[in-house]
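Each remark here refers to the structure printed beneath this line.
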Amino acid sequence: MNVVQMPVDADARLLNRAYELEQIERAVSQGTTTMVSGGAGVGVTTTLGAAASHARAAGRRVVTIAASAWARSNISQLEPLLLLVDGSDLVVVDDVHRLQPPTVDALGMALTDLGATLLVGTHGQAGSLFERAENEHVGLAGLDRAAVALLVSEAFGREMGPSDPLVAAFHRATNGRPSALRAHLDDPDVREAVSGMRVPDPGMIVQAAARVLPERVQHQVARLDGEQQIALAIVALGGETVPANLLEVAAGVDQMRACAEIGLLRRADYGGYRFRQGSVREMITMSVAPQVRSAASKRLVEAADALGYHLRPSEIERYATWY
């Protein structure tokens, strides 16, 4: 498994998670294997980061890791984890839905033998380990109206309460998902479009975001040459935790740097590249020309085979067959 160290510090704007954090901290303090789940963008990673930070502050030895579907073998999905967790008493693994369920189960048993507690985050299934009644499952929903009001107030520079029409509109438009809220609120064009509405409407906010962001992305992509567009598609198809060395072989450092210079990519903590916003990755994945996607998939498969990565996201193989 490609192992990626997660950031140590949680998002300073972690909101509306006091109850869930209390559940998590109570469970892990008792040595209970714990799973935090929720839809993409709802704040699973941020919540895990906060729990890890609190555990460190309490004196626990914590290692935080993000899982990846890219691996050289089934066994190699597990080995790097066990090397990293040596000497830790709390192991936090994000994105375990990317691992095969037997790997997650084996990890849980191995950590039990080592006397360490497992805390995982997932957007999907996480193995039979979490079907056991003695283990804890904490589900995350979207932010409530009061938390959304704080973020909207910060973005617009004026205090608004939960009942403010603008807050209500953003809450409904994003279902309280922090990532969607930030994508909307951080975009000055979206804020300008919303500010001009006499009566804020959730549908209009979604339409404004759906119009502004694609237009900007299309303009940026048009500035790239053919090889750079393939590199962008490689990063999109490979996923956030694709190994940095695999990206370098498949896409090329210069091409990825060009994509970063125009604002589509940024350097990741683990040394590779990732999209500045998850919504941009989705947009590129869905809208890229079929021949570009096929070329990107083919290069990913060839680079993965050359480097010995035999496990990879299933969509890579599917798209590669189009070539």
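Each chain in the structure tokens gets a letter, A, B, ..., in the order shown, and its residues are numbered from 1; ligands are numbered from 1 in order too.
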Based on the backbone DSSP call, show me all residues of stretch 8-135 of chain A assigned strand (DSSP E or B), as a list in words.
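Across stretch 8-135 of chain A, those assigned strand (DSSP E or B) are Thr34, Met35, Val36, Ser37, Val62, Val63, Thr64, Ile65, Ala66, Ala71, Leu90, Val91, Val92, Val93, Asp94, Thr117, Leu118, Leu119, Val120, Gly121 and Thr122 of chain A.
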Could you pull the residues within 9 Å of stretch 272-276 of chain A, counting only C-alpha atoms, minus those fewer than 5 positions along the same chain, as a PyMOL selection string?
chain A and resi 235-236+239-245+247-248+256-257+260+263-267+281
Using only C-alpha atoms, please write the residues we just selected to a file, as a PDB file, in the first residue's frame.
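Printed below is selection00.pdb as written:
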```
ATOM      1  CA  VAL A 235      -3.602  13.032 -11.706  1.00  0.00           C
ATOM      2  CA  ALA A 236      -7.418  12.992 -11.837  1.00  0.00           C
ATOM      3  CA  GLY A 239      -6.615   9.728  -7.204  1.00  0.00           C
ATOM      4  CA  GLU A 240      -5.345  11.762  -4.287  1.00  0.00           C
ATOM      5  CA  THR A 241      -3.038   9.083  -2.901  1.00  0.00           C
ATOM      6  CA  VAL A 242      -1.453   7.856  -6.110  1.00  0.00           C
ATOM      7  CA  PRO A 243       2.263   7.322  -5.342  1.00  0.00           C
ATOM      8  CA  ALA A 244       4.401  10.330  -6.205  1.00  0.00           C
ATOM      9  CA  ASN A 245       6.924   8.224  -8.134  1.00  0.00           C
ATOM     10  CA  LEU A 247       2.860  10.229 -11.127  1.00  0.00           C
ATOM     11  CA  GLU A 248       6.343  11.321 -12.118  1.00  0.00           C
ATOM     12  CA  MET A 256       2.457  18.553 -13.590  1.00  0.00           C
ATOM     13  CA  ARG A 257       4.359  21.686 -12.669  1.00  0.00           C
ATOM     14  CA  ALA A 260       0.201  23.736 -10.861  1.00  0.00           C
ATOM     15  CA  GLY A 263      -3.761  26.950 -10.423  1.00  0.00           C
ATOM     16  CA  LEU A 264      -5.293  23.544 -11.136  1.00  0.00           C
ATOM     17  CA  LEU A 265      -2.896  21.450  -9.032  1.00  0.00           C
ATOM     18  CA  ARG A 266      -0.883  22.003  -5.880  1.00  0.00           C
ATOM     19  CA  ARG A 267       1.970  20.161  -4.249  1.00  0.00           C
ATOM     20  CA  ARG A 281     -10.905  16.645 -10.021  1.00  0.00           C
TER      21      ARG A 281
END
```
Can you list, as a ChimeraX atom specification, all residues belonging to stretch 76-302 of chain A that DSSP tags as helix (DSSP H, G or I)?
/A:76-77,79-85,96-98,101-114,128-131,145-156,165-174,178-185,188-195,202-222,226-238,244-250,253-261,278-287,290-302
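When only C-alpha atoms are used to compute distances to A:Gly142, the closest of the residues A:Val44, A:Met109, A:Ala50, A:Ile205 turns out to be A:Val44.
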Tell me which of A:Val167, A:Met197, A:Ala106, A:Ala51 sits closest to A:Glu20, counting only C-alpha atoms.
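Selected residue with least distance to A:Glu20: A:Ala51.
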Excluding A:Ile230 and its own-chain neighbours fewer than 6 positions away, which residues fall within 8 Å of it when counting only C-alpha atoms? Please give them as a PDB file with N, CA, C and O atoms, in the first residue's frame.
```
ATOM      1  N   ALA A 251       3.109  10.896 -15.753  1.00  0.00           N
ATOM      2  CA  ALA A 251       2.716  12.230 -16.211  1.00  0.00           C
ATOM      3  C   ALA A 251       3.896  13.132 -16.547  1.00  0.00           C
ATOM      4  O   ALA A 251       3.803  13.968 -17.447  1.00  0.00           O
ATOM      5  N   VAL A 292      -8.107  11.600 -24.502  1.00  0.00           N
ATOM      6  CA  VAL A 292      -7.166  12.044 -23.473  1.00  0.00           C
ATOM      7  C   VAL A 292      -7.257  11.129 -22.257  1.00  0.00           C
ATOM      8  O   VAL A 292      -6.244  10.718 -21.684  1.00  0.00           O
ATOM      9  N   ARG A 293      -8.477  10.785 -21.859  1.00  0.00           N
ATOM     10  CA  ARG A 293      -8.660   9.892 -20.714  1.00  0.00           C
ATOM     11  C   ARG A 293      -8.060   8.518 -21.004  1.00  0.00           C
ATOM     12  O   ARG A 293      -7.422   7.916 -20.137  1.00  0.00           O
ATOM     13  N   ALA A 295      -5.596   7.830 -23.092  1.00  0.00           N
ATOM     14  CA  ALA A 295      -4.137   7.951 -23.085  1.00  0.00           C
ATOM     15  C   ALA A 295      -3.612   8.030 -21.658  1.00  0.00           C
ATOM     16  O   ALA A 295      -2.592   7.410 -21.315  1.00  0.00           O
ATOM     17  N   ALA A 296      -4.312   8.775 -20.803  1.00  0.00           N
ATOM     18  CA  ALA A 296      -3.899   8.902 -19.407  1.00  0.00           C
ATOM     19  C   ALA A 296      -3.979   7.556 -18.697  1.00  0.00           C
ATOM     20  O   ALA A 296      -3.068   7.170 -17.951  1.00  0.00           O
TER      21      ALA A 296
END
```
Do a neighbour search on A:Gln218 at 10 Å with only C-alpha atoms, toss out local chain neighbours closer than 5 positions, and write the hits as a list of chain:residue names.
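Surrounding residues, per the criterion: A:Leu213, A:Arg223, A:Met283, A:Ile284, A:Ser287.
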Using only all heavy atoms, please write the residues we just selected to a file, as a CSV table (one decimal), in the first residue's frame.
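Wrote it out as part.csv, contents follow:
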```
chain,number,residue,atom,x,y,z
A,213,LEU,N,-17.4,27.8,-11.7
A,213,LEU,CA,-16.2,27.0,-11.6
A,213,LEU,C,-15.9,26.3,-12.9
A,213,LEU,O,-14.7,26.3,-13.4
A,213,LEU,CB,-16.4,26.0,-10.5
A,213,LEU,CG,-15.2,25.2,-10.1
A,213,LEU,CD1,-14.0,26.1,-9.7
A,213,LEU,CD2,-15.5,24.2,-8.9
A,223,ARG,N,-5.4,26.5,-21.7
A,223,ARG,CA,-4.0,27.0,-21.8
A,223,ARG,C,-3.0,25.9,-21.8
A,223,ARG,O,-1.8,26.2,-22.0
A,223,ARG,CB,-3.8,28.0,-20.6
A,223,ARG,CG,-4.7,29.2,-20.6
A,223,ARG,CD,-4.7,29.9,-19.2
A,223,ARG,NE,-3.3,30.2,-18.8
A,223,ARG,CZ,-3.0,30.7,-17.6
A,223,ARG,NH1,-4.0,30.9,-16.7
A,223,ARG,NH2,-1.8,31.0,-17.3
A,283,MET,N,-14.6,17.2,-12.1
A,283,MET,CA,-14.9,17.9,-13.3
A,283,MET,C,-14.0,17.4,-14.5
A,283,MET,O,-14.4,17.1,-15.6
A,283,MET,CB,-14.8,19.4,-13.2
A,283,MET,CG,-15.5,20.3,-14.1
A,283,MET,SD,-15.4,22.0,-13.6
A,283,MET,CE,-16.1,21.9,-11.9
A,284,ILE,N,-12.7,17.3,-14.1
A,284,ILE,CA,-11.7,16.9,-15.1
A,284,ILE,C,-12.0,15.4,-15.5
A,284,ILE,O,-12.0,15.1,-16.7
A,284,ILE,CB,-10.3,17.0,-14.6
A,284,ILE,CG1,-9.9,18.5,-14.3
A,284,ILE,CG2,-9.3,16.4,-15.5
A,284,ILE,CD1,-9.9,19.4,-15.6
A,287,SER,N,-15.2,15.4,-17.7
A,287,SER,CA,-15.3,16.2,-18.9
A,287,SER,C,-14.1,16.0,-19.9
A,287,SER,O,-14.2,16.5,-21.0
A,287,SER,CB,-15.5,17.7,-18.5
A,287,SER,OG,-14.3,18.1,-17.9
```
Find, counting only C-alpha atoms, the residue in A:Arg172, A:His137, A:His123, A:Arg191 that gets nearest to A:Glu154.
A:Arg191
